[in-house]
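Structure file data.txt; described as compact mmCIF, C-alpha atoms.
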# COMPACT_ATOMS: atom_id res chain seq x y z
CA MET A 1 94.63 100.13 109.56
CA LEU A 2 92.71 100.15 106.30
CA GLY A 3 90.08 97.81 107.72
CA GLU A 4 89.87 99.92 110.84
CA PHE A 5 89.42 102.98 108.68
CA LEU A 6 86.54 101.32 106.83
CA SER A 7 84.82 100.25 110.04
CA ASN A 8 85.28 103.78 111.44
CA THR A 9 83.38 105.19 108.47
CA LEU A 10 80.36 103.04 109.34
CA ASN A 11 78.18 104.07 112.22
CA PRO A 12 77.67 100.81 114.19
CA SER A 13 74.29 101.95 115.44
CA GLU A 14 73.06 102.38 111.87
CA TYR A 15 74.81 99.58 110.10
CA LYS A 16 75.00 95.94 111.06
CA ALA A 17 78.11 94.33 109.66
CA SER A 18 77.57 91.24 107.55
CA ASP A 19 79.91 88.26 107.55
CA GLN A 20 81.24 89.43 104.20
CA LEU A 21 82.03 92.89 105.59
CA ARG A 22 83.66 91.46 108.72
CA SER A 23 85.86 89.24 106.60
CA LEU A 24 86.70 92.18 104.31
CA ILE A 25 87.70 94.39 107.25
CA LYS A 26 89.93 91.58 108.48
CA GLU A 27 91.52 91.19 105.04
CA LEU A 28 92.11 94.94 104.71
CA ASN A 29 93.70 95.06 108.16
CA GLU A 30 96.04 92.28 107.14
CA LEU A 31 97.19 94.07 103.98
CA GLY A 32 100.30 95.26 105.75
CA GLU A 33 102.28 98.09 104.25
CA SER A 34 100.34 99.41 101.31
CA ARG A 35 100.46 102.54 99.18
CA VAL A 36 97.29 104.59 99.53
CA LEU A 37 96.01 107.20 97.08
CA PHE A 38 93.25 109.56 98.21
CA TYR A 39 91.15 111.35 95.59
CA PRO A 40 88.78 113.82 97.30
CA SER A 41 85.89 115.17 95.20
CA SER A 42 86.63 112.53 92.60
CA SER A 43 83.27 112.77 90.83
CA ASP A 44 83.20 109.77 88.48
CA ASP A 45 86.76 110.30 87.28
CA TYR A 46 89.21 107.39 87.34
CA SER A 47 92.21 109.00 85.67
CA ASP A 48 94.23 108.34 88.83
CA VAL A 49 93.88 104.59 88.29
CA LEU A 50 95.65 104.96 84.94
CA TYR A 51 98.06 107.82 85.33
CA ALA A 52 98.94 108.51 88.99
CA ASN A 53 101.81 106.10 89.22
CA GLY A 54 105.57 106.09 89.43
CA ARG A 55 105.98 104.73 85.92
CA MET A 56 104.22 107.75 84.47
CA ILE A 57 105.33 110.40 86.95
CA THR A 58 109.01 110.69 87.61
CA GLY A 59 109.69 111.49 91.22
CA LEU A 60 107.21 109.20 92.97
CA ASP A 61 108.99 106.59 95.08
CA PHE A 62 106.52 103.81 94.27
CA GLU A 63 105.07 102.28 91.14
CA PHE A 64 101.33 101.80 91.64
CA PRO A 65 99.12 102.52 94.64
CA ASP A 66 97.64 99.41 96.26
CA VAL A 67 94.52 101.22 97.43
CA TYR A 68 92.54 104.06 95.84
CA ILE A 69 90.10 105.93 98.09
CA HIS A 70 87.59 108.12 96.27
CA THR A 71 85.04 110.44 97.83
CA ASP A 72 82.42 112.71 96.39
CA ALA A 73 79.52 114.62 97.90
CA ASN A 74 77.34 113.43 95.03
CA ASN A 75 76.24 109.86 94.68
CA PHE A 76 76.89 109.01 91.04
CA VAL A 77 76.71 105.27 91.48
CA ASN A 78 73.16 104.75 90.27
CA ILE A 79 73.43 107.15 87.34
CA PRO A 80 73.30 105.16 84.06
CA THR A 81 76.10 107.22 82.51
CA HIS A 82 78.46 106.65 85.44
CA ARG A 83 81.94 106.35 83.99
CA SER A 84 82.87 103.20 85.88
CA LEU A 85 80.19 101.33 83.93
CA TYR A 86 82.48 101.30 80.93
CA PHE A 87 85.84 102.32 82.41
CA PHE A 88 86.40 99.03 84.19
CA ARG A 89 84.62 96.87 81.61
CA THR A 90 87.59 96.54 79.35
CA PRO A 91 89.88 93.54 79.01
CA SER A 92 92.53 95.52 80.90
CA PHE A 93 90.76 95.05 84.25
CA SER A 94 89.28 92.01 85.96
CA GLU A 95 87.07 92.65 88.96
CA PHE A 96 87.20 89.88 91.49
CA PHE A 97 85.66 91.42 94.57
CA PHE A 98 82.63 93.64 94.89
CA LEU A 99 80.74 94.86 97.93
CA LYS A 100 78.24 97.70 98.00
CA ILE A 101 77.13 99.07 101.35
CA GLU A 102 73.98 101.16 101.11
CA ILE A 103 74.05 103.72 103.89
CA SER A 104 70.97 105.63 102.75
CA ASN A 105 69.34 106.48 99.45
CA LYS A 106 71.92 109.22 99.01
CA LYS A 107 75.02 107.51 100.35
CA CYS A 108 76.80 104.31 99.60
CA ILE A 109 80.23 102.74 99.83
CA ARG A 110 81.53 100.52 97.04
CA ILE A 111 84.54 98.37 97.63
CA ARG A 112 86.07 96.60 94.68
CA LYS A 113 89.24 94.72 93.99
CA PHE A 114 90.71 94.62 90.52
CA LYS A 115 93.51 92.96 88.69
CA ARG A 116 95.36 94.92 86.01
CA ASN A 117 95.78 92.22 83.44
CA GLY A 118 98.60 93.90 81.54
CA LEU A 119 100.63 94.49 84.67
CA ASN A 120 99.64 91.37 86.59
CA SER A 121 99.02 93.47 89.70
CA GLU A 122 96.02 94.08 91.95
CA PHE A 123 94.47 97.08 93.65
CA TRP A 124 91.54 98.00 95.86
CA LEU A 125 89.14 100.79 94.99
CA ILE A 126 87.03 102.13 97.84
CA GLU A 127 84.46 104.71 96.79
CA PHE A 128 82.48 106.84 99.22
CA SER A 129 79.60 108.22 97.20
CA GLY A 130 77.47 110.92 98.79
CA PHE A 131 80.12 111.65 101.45
CA ARG A 132 81.79 114.99 102.03
CA ASN A 133 85.57 114.83 101.93
CA GLU A 134 85.78 115.92 105.56
CA ASP A 135 83.56 112.99 106.63
CA ILE A 136 86.24 110.65 105.30
CA VAL A 137 89.27 112.58 106.56
CA LYS A 138 87.97 112.17 110.14
CA PRO A 139 88.01 108.35 110.14
CA MET A 140 91.37 108.46 108.32
CA LEU A 141 92.75 110.44 111.24
CA SER A 142 91.13 108.27 113.90
CA SER A 143 92.48 105.08 112.31
CA ASN A 144 96.01 106.47 111.73
CA LEU A 145 95.75 105.85 108.01
CA ASN A 146 98.62 107.32 106.01
CA ILE A 147 98.11 108.81 102.56
CA ASP A 148 100.98 108.41 100.16
CA LEU A 149 99.49 110.39 97.31
CA LEU A 150 96.80 113.04 97.40
CA TYR A 151 95.29 113.18 93.92
CA ASN A 152 93.69 116.58 93.77
CA HIS A 153 92.70 116.97 90.17
CA CYS A 154 90.26 119.83 89.58
CA ASP A 155 89.84 120.89 93.19
CA GLY A 156 86.17 121.86 93.42
CA ILE A 157 86.64 123.83 96.63
CA PHE A 158 89.47 126.04 95.29
CA SER A 159 87.86 126.61 91.93
CA GLY A 160 84.38 127.10 93.33
CA MET A 161 82.79 124.60 90.99
CA GLY A 162 81.86 122.02 93.57
CA ASP A 163 78.23 121.29 94.43
CA ALA A 164 78.96 121.10 98.13
CA THR A 165 79.83 124.43 99.73
CA GLY A 166 81.73 125.04 102.90
CA GLY A 167 84.42 122.44 102.38
CA ILE A 168 88.14 122.58 103.08
CA PRO A 169 90.45 122.68 100.05
CA PRO A 170 92.33 119.37 99.97
CA LEU A 171 95.61 121.23 99.37
CA PHE A 172 95.35 122.43 102.97
CA TYR A 173 95.26 118.85 104.25
CA TRP A 174 98.99 118.45 104.52
CA ILE A 175 99.30 121.65 106.53
CA LEU A 176 96.27 120.93 108.71
CA PHE A 177 96.69 117.18 109.21
CA PRO A 178 100.35 116.13 109.34
CA GLU A 179 99.08 112.92 110.99
CA LEU A 180 97.88 111.79 107.56
CA GLY A 181 101.51 111.63 106.47
CA ILE A 182 100.66 112.86 102.97
CA LYS A 183 103.83 112.54 100.98
CA TYR A 184 102.92 113.64 97.48
CA SER A 185 100.20 115.74 96.00
CA LEU A 186 99.13 116.05 92.39
CA SER A 187 97.16 119.17 91.64
CA GLU A 188 96.78 121.76 88.93
CA TYR A 189 97.47 124.41 91.56
CA ASP A 190 101.04 125.37 92.26
CA ILE A 191 102.74 126.67 95.37
CA GLU A 192 101.96 130.29 94.42
CA ARG A 193 98.24 129.57 94.42
CA LEU A 194 98.52 127.81 97.74
CA LYS A 195 100.40 130.79 99.17
CA SER A 196 97.71 133.18 97.91
CA GLU A 197 95.02 131.07 99.60
CA VAL A 198 97.04 130.99 102.82
CA LEU A 199 96.97 134.80 102.81
CA LYS A 200 93.16 134.59 102.88
CA PHE A 201 93.24 131.98 105.60
CA GLN A 202 91.88 134.11 108.42
CA GLU A 203 88.89 135.57 106.60
CA LYS A 204 88.08 132.80 104.13
CA TRP A 205 89.06 129.36 105.35
CA LYS A 206 89.49 129.42 109.11
CA TYR A 207 85.79 129.40 109.89
CA GLN A 208 85.11 126.47 107.58
CA ILE A 209 87.90 124.47 109.11
CA LYS A 210 86.46 125.16 112.57
CA VAL A 211 83.03 123.96 111.45
CA HIS A 212 84.38 120.58 110.36
CA PHE A 213 87.21 120.18 112.84
CA PRO A 214 86.33 122.22 115.95
CA GLU A 215 89.07 120.53 117.96
CA LEU A 216 91.77 121.76 115.57
CA ASN A 217 93.68 124.72 116.96
CA THR A 218 93.81 126.96 113.91
CA ASP A 219 95.11 129.92 115.94
CA ASN A 220 98.50 128.33 116.42
CA LEU A 221 98.97 126.94 112.92
CA ASN A 222 102.32 127.91 111.48
CA LEU A 223 101.28 128.25 107.88
CA ASP A 224 104.55 129.76 106.69
CA GLN A 225 106.48 126.83 108.07
CA GLY A 226 103.99 124.46 106.46
CA LEU A 227 104.58 126.08 103.07
CA GLU A 228 108.36 126.03 103.43
CA ILE A 229 108.55 122.28 103.55
CA ILE A 230 106.57 121.74 100.36
CA ASP A 231 108.72 121.26 97.32
CA TYR A 232 106.79 121.80 94.11
CA GLN A 233 108.04 120.23 90.95
CA HIS A 234 106.34 121.96 88.11
CA ASP A 235 105.92 119.22 85.59
CA SER A 236 104.33 116.03 86.75
CA LEU A 237 104.41 114.61 83.21
CA VAL A 238 100.90 113.24 83.43
CA ARG A 239 100.11 113.76 79.81
CA ASN A 240 96.52 112.78 79.38
CA ARG A 241 93.60 114.86 78.34
CA GLY A 242 92.78 117.36 81.02
CA ASN A 243 95.73 116.46 83.22
CA GLU A 244 98.49 118.29 81.38
CA ASN A 245 98.66 120.97 84.05
CA LEU A 246 99.03 118.73 87.06
CA LYS A 247 101.95 119.64 89.26
CA MET A 248 103.50 117.49 91.88
CA GLY A 249 104.21 118.59 95.39
CA LEU A 250 106.46 116.72 97.78
CA TYR A 251 106.08 117.22 101.50
CA SER A 252 109.11 116.55 103.66
CA TYR A 253 108.20 116.00 107.30
CA MET B 1 110.35 106.49 65.71
CA ASN B 2 112.15 105.54 62.55
CA TYR B 3 109.67 103.12 61.10
CA LEU B 4 106.66 105.33 61.76
CA LYS B 5 107.81 107.97 59.34
CA ASP B 6 107.02 111.60 60.05
CA ASP B 7 105.12 111.73 56.80
CA PHE B 8 102.89 108.82 57.84
CA LEU B 9 102.11 110.36 61.22
CA ARG B 10 101.43 113.77 59.72
CA LYS B 11 98.98 112.28 57.25
CA TYR B 12 97.47 110.01 59.87
CA PHE B 13 96.76 112.87 62.27
CA SER B 14 95.51 115.26 59.60
CA ILE B 15 93.19 112.94 57.66
CA ASN B 16 90.26 113.87 59.87
CA GLU B 17 90.20 117.46 58.62
CA LYS B 18 90.58 116.30 55.02
CA ILE B 19 87.62 113.93 55.22
CA CYS B 20 85.46 116.50 57.02
CA ALA B 21 86.20 118.97 54.22
CA LEU B 22 85.34 116.39 51.55
CA ASN B 23 82.03 115.64 53.22
CA HIS B 24 81.29 119.34 53.83
CA SER B 25 80.95 118.49 57.46
CA THR B 26 82.28 120.07 60.60
CA GLU B 27 81.46 117.05 62.68
CA SER B 28 84.29 114.98 63.99
CA TYR B 29 84.98 112.13 61.65
CA SER B 30 84.61 108.65 63.01
CA GLY B 31 88.11 107.41 62.35
CA PHE B 32 89.59 105.08 59.82
CA PHE B 33 87.26 102.17 60.50
CA ASN B 34 84.40 103.94 58.80
CA LEU B 35 85.96 105.49 55.71
CA LYS B 36 83.82 106.27 52.67
CA THR B 37 85.08 104.42 49.62
CA SER B 38 84.48 107.46 47.42
CA ASN B 39 86.61 109.67 49.68
CA VAL B 40 89.44 107.15 49.70
CA LYS B 41 89.32 106.77 45.94
CA TRP B 42 89.34 110.54 45.44
CA LEU B 43 92.33 111.00 47.73
CA ILE B 44 94.22 108.17 46.02
CA GLU B 45 93.52 109.56 42.56
CA ARG B 46 94.78 113.00 43.57
CA GLY B 47 98.06 111.32 44.45
CA GLU B 48 98.12 112.58 48.02
CA TYR B 49 97.54 109.16 49.56
CA THR B 50 98.12 105.56 48.55
CA ILE B 51 96.12 102.44 49.26
CA GLU B 52 99.13 101.29 51.28
CA PHE B 53 98.75 104.36 53.50
CA PHE B 54 95.08 103.59 54.13
CA ILE B 55 95.76 99.97 55.05
CA LYS B 56 98.58 101.01 57.38
CA ALA B 57 96.35 103.71 58.87
CA LEU B 58 93.66 101.10 59.54
CA ILE B 59 96.26 98.93 61.26
CA PHE B 60 97.51 101.91 63.25
CA SER B 61 93.92 102.62 64.35
CA LEU B 62 93.66 99.00 65.43
CA ILE B 63 96.83 99.39 67.50
CA GLN B 64 95.33 102.53 69.06
CA LYS B 65 92.24 100.56 69.96
CA VAL B 66 94.29 97.70 71.41
CA ILE B 67 96.13 100.10 73.72
CA PHE B 68 92.92 101.89 74.68
CA ARG B 69 91.02 98.70 75.47
CA PHE B 70 93.72 96.37 76.76
CA LEU B 71 96.54 98.50 78.19
CA PRO B 72 95.00 101.94 78.82
CA GLU B 73 97.59 103.05 81.37
CA ASN B 74 99.87 103.70 78.41
CA HIS B 75 99.37 107.22 77.26
CA ILE B 76 101.43 107.69 74.14
CA TYR B 77 102.32 111.04 72.65
CA LEU B 78 103.87 111.05 69.20
CA TYR B 79 105.55 114.03 67.65
CA ASN B 80 103.71 115.34 64.64
CA TRP B 81 106.09 117.46 62.58
CA GLY B 82 103.19 118.71 60.49
CA PHE B 83 101.63 120.41 63.51
CA ASN B 84 104.97 120.88 65.27
CA SER B 85 103.59 119.45 68.49
CA TYR B 86 103.03 116.24 70.33
CA GLN B 87 99.77 114.50 69.65
CA SER B 88 98.07 111.93 71.77
CA LEU B 89 97.60 108.50 70.33
CA LEU B 90 94.64 108.06 72.66
CA GLY B 91 93.01 111.31 71.72
CA PRO B 92 89.42 112.22 71.00
CA LYS B 93 89.02 109.39 68.52
CA ASN B 94 88.74 106.92 71.40
CA GLN B 95 85.00 106.90 71.43
CA PHE B 96 84.82 106.30 67.69
CA ILE B 97 87.32 103.53 67.30
CA TYR B 98 85.55 101.83 70.18
CA ARG B 99 82.39 101.41 68.11
CA HIS B 100 83.73 100.12 64.82
CA LYS B 101 85.59 96.93 63.99
CA PHE B 102 88.77 96.58 62.01
CA SER B 103 86.97 94.26 59.59
CA ASN B 104 84.35 96.98 58.89
CA GLY B 105 87.07 99.31 57.72
CA SER B 106 89.46 97.03 55.92
CA ASP B 107 87.27 94.35 54.30
CA SER B 108 84.51 96.71 53.24
CA LEU B 109 86.96 99.26 51.90
CA ILE B 110 88.94 96.73 49.86
CA GLN B 111 85.81 95.04 48.51
CA ASN B 112 84.15 98.32 47.57
CA LEU B 113 87.26 99.75 45.95
CA SER B 114 87.70 96.61 43.87
CA LYS B 115 84.02 96.41 42.98
CA ARG B 116 83.71 100.01 41.88
CA TYR B 117 87.13 100.67 40.46
CA GLY B 118 88.50 97.18 39.84
CA SER B 119 88.79 97.62 36.10
CA LYS B 120 91.75 99.94 36.59
CA HIS B 121 93.26 98.51 39.75
CA ASP B 122 92.70 95.13 41.35
CA TYR B 123 93.01 96.26 44.93
CA THR B 124 92.06 92.91 46.43
CA SER B 125 94.91 90.91 44.90
CA LYS B 126 97.38 93.80 45.31
CA ILE B 127 96.70 94.07 49.04
CA GLU B 128 96.52 90.34 49.65
CA LYS B 129 99.86 89.78 47.94
CA GLU B 130 101.35 92.23 50.42
CA ILE B 131 99.82 90.87 53.62
CA ASP B 132 103.26 89.99 54.96
CA LYS B 133 104.33 93.60 54.52
CA TYR B 134 101.36 94.79 56.59
CA VAL B 135 101.96 92.17 59.25
CA ASP B 136 105.60 93.29 59.48
CA PHE B 137 104.42 96.90 59.79
CA THR B 138 102.16 95.86 62.69
CA ILE B 139 104.86 93.94 64.52
CA ILE B 140 107.55 96.59 64.06
CA THR B 141 105.13 99.36 65.10
CA LEU B 142 103.98 97.49 68.19
CA ILE B 143 107.20 95.98 69.35
CA GLY B 144 109.91 98.02 67.70
CA GLU B 145 108.44 101.50 67.94
CA LEU B 146 105.69 101.90 70.52
CA ASP B 147 106.88 99.40 73.12
CA SER B 148 109.73 101.65 74.19
CA VAL B 149 107.35 104.50 75.10
CA CYS B 150 104.81 102.31 76.88
CA ILE B 151 104.79 101.75 80.61
CA THR B 152 103.19 98.33 80.11
CA SER B 153 105.00 96.20 77.60
CA LEU B 154 103.06 95.61 74.39
CA LYS B 155 105.56 92.92 73.50
CA ASP B 156 104.95 90.94 76.70
CA ASN B 157 101.20 91.30 76.57
CA PHE B 158 100.42 90.67 72.94
CA SER B 159 100.28 86.90 73.36
CA TRP B 160 97.16 87.10 75.57
CA ILE B 161 95.67 90.00 73.66
CA ILE B 162 95.82 88.21 70.31
CA ASN B 163 93.87 85.26 71.74
CA HIS B 164 91.31 87.41 73.55
CA GLU B 165 87.75 87.13 72.20
CA GLU B 166 87.37 90.89 71.94
CA PHE B 167 90.49 91.20 69.81
CA LYS B 168 89.48 88.26 67.63
CA SER B 169 86.10 89.87 67.05
CA GLU B 170 87.87 92.70 65.20
CA PHE B 171 88.49 90.32 62.30
CA SER B 172 86.08 88.61 59.95
CA GLU B 173 85.48 84.87 60.24
CA ASP B 174 85.37 84.60 56.47
CA PRO B 175 88.64 82.83 55.54
CA LEU B 176 88.70 84.65 52.20
CA SER B 177 88.61 88.11 53.73
CA PHE B 178 91.67 90.33 54.16
CA SER B 179 91.12 90.80 57.90
CA ASN B 180 90.91 87.04 58.51
CA LYS B 181 94.10 86.38 56.54
CA PHE B 182 95.80 89.29 58.27
CA TYR B 183 94.86 87.95 61.72
CA ASN B 184 96.11 84.45 60.97
CA SER B 185 99.36 85.73 59.52
CA LEU B 186 99.89 88.06 62.50
CA LYS B 187 99.25 85.22 64.94
CA SER B 188 101.69 82.92 63.17
CA LYS B 189 104.46 85.53 63.29
CA LEU B 190 104.08 86.58 66.92

Can you present the structure in this file as structure tokens?
Amino acid sequence: MLGEFLSNTLNPSEYKASDQLRSLIKELNELGESRVLFYPSSSDDYSDVLYANGRMITGLDFEFPDVYIHTDANNFVNIPTHRSLYFFRTPSFSEFFFLKIEISNKKCIRIRKFKRNGLNSEFWLIEFSGFRNEDIVKPMLSSNLNIDLLYNHCDGIFSGMGDATGGIPPLFYWILFPELGIKYSLSEYDIERLKSEVLKFQEKWKYQIKVHFPELNTDNLNLDQGLEIIDYQHDSLVRNRGNENLKMGLYSY
Amino acid sequence: MNYLKDDFLRKYFSINEKICALNHSTESYSGFFNLKTSNVKWLIERGEYTIEFFIKALIFSLIQKVIFRFLPENHIYLYNWGFNSYQSLLGPKNQFIYRHKFSNGSDSLIQNLSKRYGSKHDYTSKIEKEIDKYVDFTIITLIGELDSVCITSLKDNFSWIINHEEFKSEFSEDPLSFSNKFYNSLKSKL
């Protein structure tokens, strides 16, 4: 499914798959059951790679995600101060796969595989730079990809600090797209904030959702029921700079 | 945290403000690896700090750097009774300890202290006689104290870390230097 998701993000008429990409898609499809973390509007932050795991956060039913999917509307990759230039160049990580797919001068996909040397474990990092979050949610839905953990640190859409306007707050994903099977969410916003945004749904968010997902029937959404099945635990225990306020939500389908 | 005494942690976390005040500076101080000999001497003479504290603080900074560079998924908070709050071991000093080497701090400090003030105290021989004590401090801090609050075992990983080129580069190649002797002693005991 992961390989299918990747191929669904590439427009076949615009991109000709290389042998390396074909073999990668095959390898990703053969991954089998894997834990997927999705970090929408990730900017060049990689705190999820260090702290969003079951060893640090009590309550998650897995240790480390196998796959991290990052998206951001800005393409930071070619910026000399990009955090990944030094973040992954420590003895703690070994990179042993790298593929960069240039979509245009503003968009690219980077796929990397790392080993965590201290933990003797591996993970994939797939970064969509220059992509809106919604552009990635669509192929996730069409390829039946399940998201175990939505890492929603500093939600640019809720807080209004994002560069891209007109997006859908990622906290709405688990109400709008149950097909994604999102199990956990880490966000600085709690259930009360989500409820207050739901109250503004008709006038504030409904139109934007329609723009991105016209086929979604927002008239029949049972938002109250969606909120009822979210259990918010108020201390995620992710104690790193800037993440002290993250709260964990658990969605029971 | 029995071995890392509250008093040590309080002094360790608060030294930054002390040094900034001494230097009439409001800029963040660049950690223990870049201490001014005159500041250290002044603080020792006032009786607030000992040379033993400074050597242990340099070692503790080295441990901080090891975690930051080699096992960064460990985010350690230690209780600082002086401030009555938890303080991050991987706090804002990250960027500073990244730049400087352990040998810069320890060897230069010991040499300069002995050179300038050696008539009263022979710091070099005093510290070198006690290398075993500092090695024990390192091992107990790493394995006995911090390992239990780490999500990646420091104990299990130290064998590859100690042989890693980046870690080795923290120490001088001069066999007569403190940092070189410290490294060899640490390696033999682990």

**OP:** Pull out every residue of chain A that has at least one atom within 6 Å of chain B, counting only C-alpha atoms, and report them as JSON, numbers by chain.
**Re:** {"A": [50, 90, 91, 92]}

Subject >> Interatomic distance (Å, one decimal) between CA of Phe102 in chain B and CA of Tyr123 in chain B >> reply: 17.6 Å

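We find CA of Lys126 in chain B and CA of Tyr183 in chain B to be spaced 17.6 Å apart.
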
Original post:
In Å, how far is it from CA of Lys11 in chain B to CA of Leu186 in chain B?
Top reply: 24.8 Å

Original post:
Got a sec: who's within 8 Å of Gly54 in chain A, counting only C-alpha atoms, leaving out chain neighbours fewer than 6 positions off, as a VMD selection string?
Top reply: chain A and resid 60 to 64

Original post:
Which neighbours of Lys155 in chain B fall inside 9 Å, counting only C-alpha atoms, when residues of the same chain fewer than 3 positions from it are skipped, and could you give them as a VMD selection string?
Top reply: chain B and resid 142 to 144 147 152 158 to 159

Just-selected residues, C-alpha atoms written as a PDB file, in the frame of the given file:
ATOM      1  CA  LEU B 142     103.980  97.490  68.190  1.00  0.00           C
ATOM      2  CA  ILE B 143     107.200  95.980  69.350  1.00  0.00           C
ATOM      3  CA  GLY B 144     109.910  98.020  67.700  1.00  0.00           C
ATOM      4  CA  ASP B 147     106.880  99.400  73.120  1.00  0.00           C
ATOM      5  CA  THR B 152     103.190  98.330  80.110  1.00  0.00           C
ATOM      6  CA  PHE B 158     100.420  90.670  72.940  1.00  0.00           C
ATOM      7  CA  SER B 159     100.280  86.900  73.360  1.00  0.00           C
TER       8      SER B 159
END

Subject >> Distance query 7 Å from (95.6, 104.3, 105.5) using only C-alpha atoms, result as JSON, numbers by chain >> reply: {"A": [1, 2, 36, 140, 144, 145, 146, 147]}

Subject >> Which of B:Thr141, B:Thr50, B:Thr124, B:Asn163 sits closest to Leu176 in chain B [using all atoms listed in the file] >> reply: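 Closest to Leu176 in chain B of all the choices is B:Thr124.
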
**OP:** Compile the contact shell of Glu228 in chain A as a ChimeraX atom specification: residues with an atom at most 12 Å away, counting only C-alpha atoms, same-chain residues fewer than 5 positions apart removed.
**Re:** /A:175,191-192,194-195,222-223,249-253
